[in-house]
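For reference, structure35.txt is printed below; it contains compact mmCIF, C-alpha atoms.
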# COMPACT_ATOMS: atom_id res chain seq x y z
CA MET B 30 -29.41 -3.15 -5.37
CA TYR B 31 -29.58 0.49 -4.37
CA GLU B 32 -27.81 1.64 -1.23
CA LEU B 33 -28.42 4.61 1.01
CA PHE B 34 -25.66 7.20 0.72
CA GLU B 35 -24.33 7.48 4.28
CA LEU B 36 -20.74 7.94 5.42
CA GLU B 37 -18.59 7.25 8.45
CA LEU B 38 -15.06 7.82 9.72
CA ILE B 39 -13.10 5.01 11.35
CA GLY B 40 -11.49 7.51 13.73
CA GLY B 41 -8.43 7.19 15.97
CA ALA B 42 -4.96 7.08 14.45
CA THR B 43 -6.37 6.71 10.93
CA GLU B 44 -8.35 9.93 11.20
CA ARG B 45 -5.38 11.74 12.75
CA ARG B 46 -3.17 10.76 9.79
CA TYR B 47 -5.91 11.80 7.39
CA ARG B 48 -6.19 15.16 9.15
CA THR B 49 -2.49 15.85 8.71
CA MET B 50 -2.95 15.53 4.94
CA ARG B 51 -5.47 18.38 4.80
CA PRO B 52 -5.23 20.38 8.05
CA GLU B 53 -7.24 23.29 6.63
CA VAL B 54 -10.46 21.26 7.00
CA GLU B 55 -10.48 21.33 10.79
CA ALA B 56 -9.58 25.03 10.79
CA MET B 57 -12.90 25.97 9.21
CA PRO B 58 -15.60 27.50 11.45
CA TRP B 59 -17.61 24.32 11.93
CA GLY B 60 -20.79 24.76 13.91
CA SER B 61 -21.40 28.28 12.65
CA LEU B 62 -23.85 27.27 9.91
CA ALA B 63 -25.91 25.22 12.35
CA GLU B 64 -26.04 28.26 14.61
CA THR B 65 -27.13 30.48 11.71
CA VAL B 66 -29.88 28.08 10.71
CA ALA B 67 -31.08 27.87 14.31
CA THR B 68 -31.31 31.63 14.72
CA SER B 69 -32.10 33.05 11.27
CA GLY B 70 -35.60 31.72 10.74
CA PHE B 71 -35.13 30.11 7.35
CA ALA B 72 -38.30 28.51 6.01
CA PRO B 73 -38.26 24.73 6.59
CA GLU B 74 -38.51 24.02 2.88
CA VAL B 75 -35.46 26.18 2.21
CA VAL B 76 -33.45 24.24 4.77
CA ILE B 77 -34.65 20.95 3.27
CA ALA B 78 -33.60 22.23 -0.16
CA ALA B 79 -30.18 23.11 1.22
CA ARG B 80 -29.87 19.66 2.79
CA ARG B 81 -30.75 18.16 -0.58
CA ALA B 82 -28.26 20.40 -2.39
CA TRP B 83 -25.37 19.58 -0.06
CA THR B 84 -26.22 15.87 0.13
CA GLY B 85 -26.24 15.90 -3.67
CA ALA B 86 -22.96 17.78 -3.73
CA ALA B 87 -21.39 15.23 -1.36
CA PHE B 88 -22.59 12.43 -3.62
CA GLN B 89 -21.30 14.13 -6.77
CA GLU B 90 -17.90 14.60 -5.14
CA PHE B 91 -18.02 10.94 -4.06
CA ARG B 92 -18.69 9.90 -7.66
CA THR B 93 -15.96 12.19 -8.86
CA GLY B 94 -13.59 10.45 -6.43
CA ALA B 95 -14.44 7.14 -8.09
CA ALA B 96 -14.00 8.75 -11.51
CA CYS B 97 -10.58 10.15 -10.53
CA ALA B 98 -9.49 6.73 -9.22
CA ALA B 99 -10.65 5.01 -12.43
CA THR B 100 -8.83 7.62 -14.51
CA LEU B 101 -5.69 7.18 -12.42
CA GLN B 102 -5.68 3.43 -13.06
CA ALA B 103 -6.19 4.06 -16.79
CA LEU B 104 -3.28 6.54 -16.83
CA ILE B 105 -1.01 3.91 -15.29
CA GLU B 106 -2.20 1.26 -17.74
CA ALA B 107 -1.56 3.75 -20.56
CA ARG B 108 1.96 4.43 -19.25
CA ALA B 109 1.27 8.14 -19.25
CA PRO B 110 4.12 10.48 -18.23
CA LEU B 111 5.02 9.79 -14.60
CA ASP B 112 4.68 13.40 -13.45
CA LEU B 113 1.19 13.51 -14.91
CA ILE B 114 0.28 10.28 -13.09
CA GLY B 115 1.77 11.70 -9.91
CA LEU B 116 -0.33 14.85 -10.21
CA ALA B 117 -3.48 12.80 -10.81
CA SER B 118 -2.75 10.57 -7.82
CA ARG B 119 -3.66 13.47 -5.53
CA PHE B 120 -7.11 13.92 -7.04
CA PRO B 121 -8.92 11.05 -5.28
CA LEU B 122 -7.80 12.46 -1.91
CA ASP B 123 -9.00 15.92 -2.95
CA GLU B 124 -12.41 14.50 -3.79
CA VAL B 125 -12.61 12.56 -0.52
CA VAL B 126 -11.96 15.82 1.33
CA HIS B 127 -14.67 17.54 -0.73
CA VAL B 128 -17.08 14.74 0.16
CA GLU B 129 -16.35 15.34 3.83
CA LEU B 130 -16.81 19.10 3.49
CA CYS B 131 -20.17 18.79 1.74
CA ALA B 132 -21.31 16.06 4.13
CA ARG B 133 -20.47 18.19 7.15
CA LEU B 134 -22.38 21.13 5.68
CA ALA B 135 -25.40 18.86 5.22
CA GLY B 136 -24.93 17.80 8.82
CA GLU B 137 -24.95 21.42 10.01
CA LEU B 138 -28.27 21.87 8.22
CA GLY B 139 -29.85 18.90 9.99
CA GLY B 140 -28.41 15.90 8.18
CA ALA B 141 -28.55 14.32 4.79
CA ILE B 142 -31.67 13.59 2.86
CA GLU B 143 -32.25 9.96 1.93
CA TRP B 144 -30.13 9.61 -1.21
CA ALA B 145 -30.18 6.19 -2.89
CA TYR B 146 -27.71 5.10 -5.55
CA ASP B 147 -26.41 2.04 -7.34
CA PRO B 148 -22.75 1.56 -6.33
CA ARG B 149 -22.07 -0.49 -9.46
CA LYS B 150 -22.86 2.53 -11.63
CA LEU B 151 -20.67 5.15 -10.01
CA VAL B 152 -18.31 5.45 -12.96
CA GLY B 153 -19.95 3.52 -15.80
CA ASP B 154 -18.36 2.05 -18.89
CA VAL B 155 -16.56 5.09 -20.29
CA GLY B 156 -13.98 4.02 -22.89
CA ALA B 157 -14.62 0.31 -22.38
CA GLY B 158 -12.85 -1.82 -24.98
CA ALA B 159 -10.53 0.93 -26.22
CA GLU B 160 -6.73 0.66 -26.25
CA PRO B 161 -5.06 1.94 -23.04
CA ILE B 162 -4.21 5.50 -24.17
CA ALA B 163 -7.56 5.93 -25.90
CA ARG B 164 -9.40 4.54 -22.88
CA ALA B 165 -7.59 6.98 -20.60
CA ALA B 166 -8.47 9.77 -23.03
CA HIS B 167 -12.17 8.85 -22.90
CA LEU B 168 -12.12 8.99 -19.10
CA VAL B 169 -10.22 12.28 -19.10
CA VAL B 170 -12.59 13.86 -21.65
CA ALA B 171 -15.69 12.72 -19.75
CA PHE B 172 -14.62 13.50 -16.21
CA PHE B 173 -12.07 16.29 -16.56
CA CYS B 174 -12.53 18.10 -19.88
CA VAL B 175 -16.32 18.16 -19.50
CA GLY B 176 -17.14 17.41 -15.87
CA GLU B 177 -14.42 19.19 -13.95
CA ALA B 178 -13.85 21.96 -16.51
CA LEU B 179 -17.53 22.85 -16.31
CA SER B 180 -17.87 22.58 -12.56
CA ILE B 181 -14.93 24.90 -11.83
CA PRO B 182 -16.53 28.17 -13.05
CA LEU B 183 -19.88 27.13 -11.59
CA LEU B 184 -18.32 26.40 -8.21
CA HIS B 185 -16.38 29.65 -8.45
CA GLY B 186 -19.60 31.56 -9.11
CA THR B 187 -21.28 29.82 -6.20
CA TRP B 188 -18.33 30.64 -3.95
CA LYS B 189 -18.52 34.32 -4.91
CA ALA B 190 -22.26 34.34 -4.18
CA ALA B 191 -21.93 32.51 -0.86
CA LYS B 192 -22.70 34.74 2.12
CA HIS B 193 -21.98 32.43 5.01
CA PRO B 194 -18.29 32.21 6.10
CA LEU B 195 -18.32 28.42 6.50
CA VAL B 196 -19.97 27.86 3.12
CA ALA B 197 -17.51 30.29 1.53
CA ASP B 198 -14.54 28.49 3.13
CA VAL B 199 -15.77 25.12 1.89
CA LEU B 200 -16.35 26.37 -1.65
CA LYS B 201 -13.00 28.15 -1.72
CA CYS B 202 -11.25 24.91 -0.76
CA ILE B 203 -13.10 22.94 -3.43
CA VAL B 204 -12.55 25.56 -6.14
CA THR B 205 -8.83 25.77 -5.36
CA ASP B 206 -8.41 22.00 -5.71
CA GLU B 207 -10.58 21.72 -8.80
CA ALA B 208 -8.51 24.30 -10.67
CA ASP B 209 -5.71 21.71 -10.87
CA HIS B 210 -8.14 19.05 -12.00
CA GLY B 211 -9.36 21.19 -14.88
CA THR B 212 -5.94 22.01 -16.30
CA PHE B 213 -4.86 18.38 -15.90
CA GLY B 214 -7.41 17.23 -18.49
CA TRP B 215 -6.10 19.50 -21.23
CA THR B 216 -2.46 18.71 -20.39
CA PHE B 217 -3.18 14.99 -20.73
CA LEU B 218 -5.03 15.47 -24.03
CA ASP B 219 -2.16 17.53 -25.47
CA TRP B 220 0.21 14.67 -24.63
CA ALA B 221 -2.12 11.92 -25.85
CA MET B 222 -3.33 13.44 -29.14
CA PRO B 223 -0.32 12.42 -31.27
CA HIS B 224 -0.89 8.83 -30.13
CA LEU B 225 -4.55 8.77 -31.19
CA SER B 226 -6.05 8.00 -34.59
CA ASP B 227 -8.75 9.95 -36.40
CA ALA B 228 -11.22 7.25 -35.37
CA ASP B 229 -10.14 7.71 -31.76
CA ARG B 230 -10.83 11.46 -32.03
CA VAL B 231 -14.29 10.83 -33.44
CA ALA B 232 -15.01 8.41 -30.60
CA LEU B 233 -13.75 10.97 -28.07
CA GLY B 234 -16.12 13.51 -29.58
CA GLN B 235 -18.98 11.07 -29.08
CA THR B 236 -18.02 10.61 -25.43
CA ALA B 237 -17.89 14.39 -24.99
CA ASP B 238 -21.28 14.76 -26.69
CA ARG B 239 -22.78 12.13 -24.40
CA PHE B 240 -21.63 13.87 -21.24
CA ILE B 241 -22.48 17.35 -22.51
CA ALA B 242 -25.98 16.11 -23.38
CA SER B 243 -26.33 14.76 -19.85
CA VAL B 244 -25.42 18.15 -18.42
CA ARG B 245 -27.81 19.91 -20.80
CA ARG B 246 -30.69 17.66 -19.74
CA ASN B 247 -30.20 18.93 -16.21
CA TRP B 248 -30.32 22.52 -17.40
CA VAL B 249 -33.50 22.00 -19.41
CA ALA B 250 -35.15 20.66 -16.27
CA LEU B 251 -34.03 23.71 -14.32
CA LYS B 252 -35.35 26.27 -16.81
CA ASP B 253 -38.63 28.01 -16.00
CA GLN B 254 -38.85 26.31 -12.64
CA GLN B 255 -38.87 28.06 -9.33
CA ALA B 256 -36.15 27.51 -6.79
CA ALA B 257 -35.76 28.92 -3.32
CA PRO B 258 -35.57 32.73 -2.95
CA VAL B 259 -32.19 33.89 -4.17
CA ASP B 260 -31.19 35.63 -0.92
CA GLN B 261 -31.80 32.51 1.11
CA ALA B 262 -30.16 30.36 -1.54
CA HIS B 263 -27.01 32.47 -1.42
CA ALA B 264 -26.97 32.28 2.36
CA LEU B 265 -27.09 28.50 2.34
CA GLY B 266 -24.72 27.97 -0.51
CA TRP B 267 -26.09 27.90 -4.02
CA LEU B 268 -26.79 30.16 -6.96
CA GLY B 269 -30.23 31.24 -8.09
CA THR B 270 -31.48 29.34 -11.12
CA ASP B 271 -31.15 32.19 -13.64
CA ASP B 272 -27.64 33.09 -12.48
CA TYR B 273 -26.62 29.45 -12.57
CA LEU B 274 -27.96 28.75 -16.06
CA ALA B 275 -26.44 31.91 -17.57
CA LEU B 276 -23.05 31.10 -16.08
CA ALA B 277 -23.39 27.44 -17.08
CA GLU B 278 -24.01 28.27 -20.75
CA ARG B 279 -21.05 30.66 -20.87
CA SER B 280 -18.82 28.14 -19.12
CA LEU B 281 -19.80 25.31 -21.45
CA ALA B 282 -18.96 27.41 -24.51
CA ARG B 283 -15.66 28.78 -23.23
CA GLN B 284 -14.30 26.09 -20.94
CA VAL B 285 -15.45 22.92 -22.70
CA LEU B 286 -16.57 23.28 -26.34
CA ALA B 287 -13.89 25.69 -27.54
CA PRO B 288 -10.91 23.79 -26.05
CA LEU B 289 -12.21 20.42 -27.31
CA ARG B 290 -12.65 21.77 -30.85
CA ALA B 291 -9.26 23.46 -30.70
CA ARG B 292 -7.75 20.01 -30.19
CA GLY B 293 -9.50 18.56 -33.22
CA ILE B 294 -12.17 16.64 -31.34
CA PRO B 295 -15.36 16.75 -33.42
CA LEU B 296 -18.55 17.57 -31.56
CA SER B 297 -22.12 17.15 -32.70
CA ALA B 298 -24.39 19.93 -33.93
CA GLU B 299 -26.14 19.82 -30.57
CA SER B 300 -22.95 21.22 -29.05
CA PRO B 301 -23.08 24.66 -30.71
CA ALA B 302 -20.01 26.73 -31.44
CA PRO B 303 -19.31 29.46 -28.87
CA MET U 26 -37.17 -0.53 -5.35
CA LYS U 27 -35.21 -1.92 -2.44
CA ILE U 28 -32.66 0.32 -0.74
CA ARG U 29 -30.03 -1.30 1.41
CA ARG U 30 -28.92 0.55 4.53
CA ARG U 31 -25.61 -0.68 5.93
CA ALA U 32 -25.03 -0.33 9.64
CA LEU U 33 -22.24 2.17 10.35
CA THR U 34 -19.67 1.04 12.90
CA GLY U 35 -17.40 4.11 12.89
CA ALA U 36 -18.05 7.74 13.73
CA PRO U 37 -21.03 8.92 11.64
CA LEU U 38 -20.20 11.59 9.08
CA LEU U 39 -23.31 11.73 6.88
CA ILE U 40 -26.59 10.29 8.13
CA ALA U 41 -29.87 10.47 6.26
CA GLY U 42 -32.75 11.95 8.22
CA ALA U 43 -35.80 9.72 7.93
CA GLY U 44 -38.56 11.21 5.82
CA ALA U 45 -36.77 14.50 5.15
CA ALA U 46 -36.71 13.98 1.41
CA VAL U 47 -35.78 11.21 -0.95
CA ALA U 48 -33.63 11.27 -4.05
CA VAL U 49 -32.59 8.46 -6.32
CA SER U 50 -29.46 8.97 -8.38
CA ALA U 51 -29.35 7.61 -11.88
CA CYS U 52 -25.60 8.36 -11.90
CA GLU U 53 -25.97 10.14 -15.24
CA THR U 54 -24.85 13.65 -14.46
CA THR U 55 -21.17 14.49 -14.34
CA THR U 56 -20.91 17.68 -12.39
CA GLY U 57 -21.68 18.95 -8.95
CA ASN U 58 -24.70 21.21 -8.82
CA LEU U 59 -24.88 23.55 -5.87
CA ILE U 60 -28.25 24.89 -6.79
CA ALA U 61 -31.65 24.35 -5.31
CA PRO U 62 -33.46 21.60 -7.20
CA PRO U 63 -36.38 22.59 -9.44
CA GLN U 64 -39.89 22.58 -8.10
CA VAL U 65 -43.17 21.34 -9.52
CA GLU U 66 -46.74 21.93 -8.41
CA LEU U 67 -48.43 19.08 -6.61
CA CYS U 68 -52.21 19.42 -6.33
CA LEU U 69 -53.93 17.13 -3.86
CA GLU U 70 -57.60 16.29 -4.23
CA VAL U 71 -59.51 14.32 -1.61
CA GLU U 72 -62.20 11.67 -1.57
CA PRO U 73 -64.76 11.70 -0.09
CA GLU U 74 -65.35 15.26 -1.28
CA GLY U 75 -65.67 17.93 1.38
CA LEU U 76 -63.02 16.49 3.67
CA GLU U 77 -60.09 18.72 4.67
CA PHE U 78 -57.06 17.36 6.46
CA PRO U 79 -53.30 17.79 6.83
CA VAL U 80 -51.02 15.69 4.64
CA ASN U 81 -47.44 14.74 5.32
CA VAL U 82 -45.49 15.21 2.07
CA SER U 83 -41.97 13.89 2.63
CA GLY U 84 -41.91 15.31 6.14
CA THR U 85 -43.57 18.64 5.33
CA ARG U 86 -47.14 19.30 6.41
CA VAL U 87 -49.48 20.63 3.71
CA ASN U 88 -53.25 20.98 3.54
CA ALA U 89 -55.53 18.94 1.31
CA PRO U 90 -57.31 19.74 -0.85
CA GLY U 91 -54.81 22.25 -2.14
CA CYS U 92 -51.67 22.82 -4.18
CA GLU U 93 -48.06 23.15 -3.06
CA ASP U 94 -44.74 23.63 -4.83
CA VAL U 95 -42.50 20.67 -4.07
CA TYR U 96 -39.08 19.64 -5.30
CA VAL U 97 -38.83 17.17 -8.15
CA GLY U 98 -38.15 13.58 -7.21
CA GLU U 99 -39.83 11.02 -5.04
CA HIS U 100 -42.26 12.10 -2.36
CA LEU U 101 -43.95 9.98 0.25
CA ILE U 102 -47.54 11.08 0.87
CA GLN U 103 -48.98 10.07 4.23
CA VAL U 104 -52.38 10.83 5.73
CA ASP U 105 -53.50 9.87 9.21
CA VAL U 106 -57.07 11.03 9.83
CA GLU U 107 -59.20 9.76 12.66
CA GLY U 108 -62.00 7.56 11.38
CA TYR U 109 -60.15 6.59 8.21
CA GLU U 110 -57.51 4.03 7.35
CA PHE U 111 -53.93 5.26 7.21
CA TYR U 112 -53.10 6.36 3.66
CA GLU U 113 -49.67 6.21 2.07
CA ALA U 114 -48.50 6.69 -1.53
CA LEU U 115 -45.14 7.15 -3.19
CA LEU U 116 -45.17 9.75 -5.99
CA VAL U 117 -42.40 10.31 -8.51
CA LEU U 118 -42.75 13.94 -9.55
CA ASP U 119 -41.06 15.52 -12.54
CA ALA U 120 -44.00 17.61 -13.80
CA PRO U 121 -47.04 19.36 -12.33
CA THR U 122 -49.16 16.60 -10.86
CA GLU U 123 -52.68 16.09 -9.54
CA HIS U 124 -53.10 13.30 -7.04
CA THR U 125 -56.31 12.15 -5.43
CA ILE U 126 -56.15 10.91 -1.87
CA ALA U 127 -58.99 8.45 -1.52
CA LEU U 128 -59.57 7.67 2.14
CA THR U 129 -61.34 4.54 3.29
CA PRO U 130 -63.48 4.72 6.44
CA ASP U 131 -62.23 2.57 9.29
CA ASP U 132 -65.50 0.65 9.46
CA ALA U 133 -65.08 -0.56 5.87
CA GLY U 134 -62.98 -3.43 7.21
CA ASP U 135 -59.25 -3.99 7.34
CA THR U 136 -58.08 -5.17 3.95
CA GLY U 137 -54.45 -5.07 4.97
CA ASP U 138 -53.73 -2.74 2.05
CA THR U 139 -52.80 0.61 3.50
CA GLY U 140 -51.17 2.29 0.61
CA SER U 141 -50.34 2.45 -3.03
CA THR U 142 -47.46 3.31 -5.30
CA ASP U 143 -48.26 5.94 -7.87
CA SER U 144 -46.19 6.99 -10.83
CA GLY U 145 -47.39 10.54 -10.28
CA SER U 146 -48.81 10.85 -13.75
What would the structure in this file look like if it were written as structure tokens?
Amino acid sequence: MYELFELELIGGATERRYRTMRPEVEAMPWGSLAETVATSGFAPEVVIAARRAWTGAAFQEFRTGAACAATLQALIEARAPLDLIGLASRFPLDEVVHVELCARLAGELGGAIEWAYDPRKLVGDVGAGAEPIARAAHLVVAFFCVGEALSIPLLHGTWKAAKHPLVADVLKCIVTDEADHGTFGWTFLDWAMPHLSDADRVALGQTADRFIASVRRNWVALKDQQAAPVDQAHALGWLGTDDYLALAERSLARQVLAPLRARGIPLSAESPAP
Amino acid sequence: MKIRRRALTGAPLLIAGAGAAVAVSACETTTGNLIAPPQVELCLEVEPEGLEFPVNVSGTRVNAPGCEDVYVGEHLIQVDVEGYEFYEALLVLDAPTEHTIALTPDDAGDTGDTGSTDSGS
């Protein structure tokens, strides 16, 4: 059964405690994007596109929160080094904060679009059946070494292109958090590699290939298709298609493929050498 | 496809605007994507020929017959023209698409079928 992606806060003392964990959220200039949209005369379809983009971003961060929580459980089951587990225990909170930031931006633009999803498929079956360390490695490769490592430079590029102060503040916050998430993946792999067999490495390569292929399918769909005018896109918080795809290809080669191969994880021919 | 909407009891944080746009996540992609989604051309033809009327495409008004660039994904097409039955169709667009809106005159009788679901192909 699909569910509509909508979110709420319980409020009161619970929200106050939550706010103390990340006080920078409330310090952002909330309300300013709504004012810009109301006075700047953006075309309705551009605003709808921005609502779609930020609703999608909120959902992706929401999924990443689930992925971080699943990875955290796998790290504990794998008896990974305690400081590494401790570092990873902060990630779900980071992602929850990112969900809120993206959701509030969508709200400033007029609200979410109707985004349906299957809650049973948020994380999937990554590493199912593998031994604890190998299973944790599959999750880390999928969500951190590919997912987070790739999103960091793309988010950074989007942040640099963002023209609106609120959008820039939100992206800066997300980029700053995600930097830790990206380095975590490689630190874990460097610890785990001596515990993994050659067969484990081949299987990890297959997991990486699967997730890289998923990302590439998105890029193929984006190529040769028109998006909103770049100036308006930058104002509302995303990169133009050409900029995005060029940065994405460079980031994949440098931030994902090269480090995976350097650690002896075999990748398919469809994942070309940088 | 049924979509469940749970009543929110706390302070709303993210609320979907009805009819603004619809997306269905296959939960396949792994990264955030702060980029405008791709667009495809949707060309609307009309029957009977010669009619011209406004069409509501996922909350945006466009003219039919005619072509518009719309974002990929699901789009709800709605037409409410005096003298004709209300028309509604759900299109799933991932490529340039031609769709014919065939209106039925009111006096043709109420069949109870006011819409259709179209794959968009």
### Query
In file coordinates, which residues lie within 7 Å of (-25.0, 6.3, -4.2) using all atoms listed in the file, given as a PyMOL selection string?
(chain B and resi 32-34+88+144-148) or (chain U and resi 50)
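Counting from atom CA of B:Pro223, the distance to atom CA of B:Ile294 is 12.6 Å.
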### Task
May I ask which of the residues B:Val128, B:Arg164, B:Ile39, B:Ala141 is the closest one to B:Leu233, counting only C-alpha atoms?
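For B:Leu233, the nearest of the candidates is B:Arg164.
When the distance limit is 10 Å and all atoms listed in the file are what count, the residues near B:Pro73, minus those fewer than 6 positions from it on the same chain, are B:Val66, B:Ala79, U:Thr85.
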### Query
Suppose you want the space between atom CA of B:Ile181 and atom CA of B:Gly211; what is it in Å?
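A separation of 7.4 Å between them.
Straight-line separation from atom CA of U:Asp131 to atom CA of U:Asn81: 19.6 Å.
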### Task
Using only C-alpha atoms, pick whichever of B:Val175, B:Leu62, B:Arg46, B:Phe71 has the shortest atom-to-atom distance to B:Ser243.
B:Val175
### Query
Excluding same-chain residues fewer than 2 positions from U:Ile40, what lies within 9 Å of it counting all atoms listed in the file, as a list in words?
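After dropping sequence-adjacent residues, the list is Phe34, Glu35, Leu36, Glu37, Ala132, Gly136, Gly140, Ala141, Ile142 and Glu143 of chain B; Pro37, Leu38 and Gly42 of chain U.
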### Message
Under the rule that all atoms listed in the file are counted, which of U:Leu116, U:Leu101, U:Ile126, U:Val80 is the nearest residue to chain B?
### Response
U:Leu101
### Task
Select, from U:Val87, U:Leu69, U:Val106, U:Ala114, the residue with the minimum atom-to-atom distance to chain B, counting only C-alpha atoms.
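Between U:Val87, U:Leu69, U:Val106, U:Ala114, the residue approaching chain B most closely is U:Val87.
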### Message
When you look at B:Gly41 with a cut-off of 12 Å (counting only C-alpha atoms), what residues show up, excluding the ones that are within fewer than 4 positions of it in the same chain? I need them as a PyMOL selection string.
### Response
(chain B and resi 45-48) or (chain U and resi 35-36)
Quick one: residues within 12 Å of U:Gly75, only C-alpha atoms counted, chain neighbours fewer than 6 positions away excluded, as a PDB file with C-alpha atoms, in the coordinates of the input?
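Output below, filename selection.pdb:
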ATOM      1  CA  ALA U  89     -55.530  18.940   1.310  1.00  0.00           C
ATOM      2  CA  PRO U  90     -57.310  19.740  -0.850  1.00  0.00           C
ATOM      3  CA  ALA U 127     -58.990   8.450  -1.520  1.00  0.00           C
ATOM      4  CA  LEU U 128     -59.570   7.670   2.140  1.00  0.00           C
TER       5      LEU U 128
END
Centre and edge lengths, as JSON, for the axis-aligned box enclosing every listed atom of stretch 192-205 of chain B with 6 Å of padding on each of the six sides, in Å to one decimal?
{"center_x": -15.8, "center_y": 28.8, "center_z": 0.2, "size_x": 25.9, "size_y": 23.8, "size_z": 24.6}
#### Entry: Counting all atoms listed in the file, the residue of U:Glu77, U:Asp119, U:Glu72, U:Ile102 that sits nearest chain B
U:Asp119
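Closest approach to chain U from the set B:Leu184, B:Leu289, B:Val199, B:Ala208 is made by B:Leu184, with distances taken over all atoms listed in the file.
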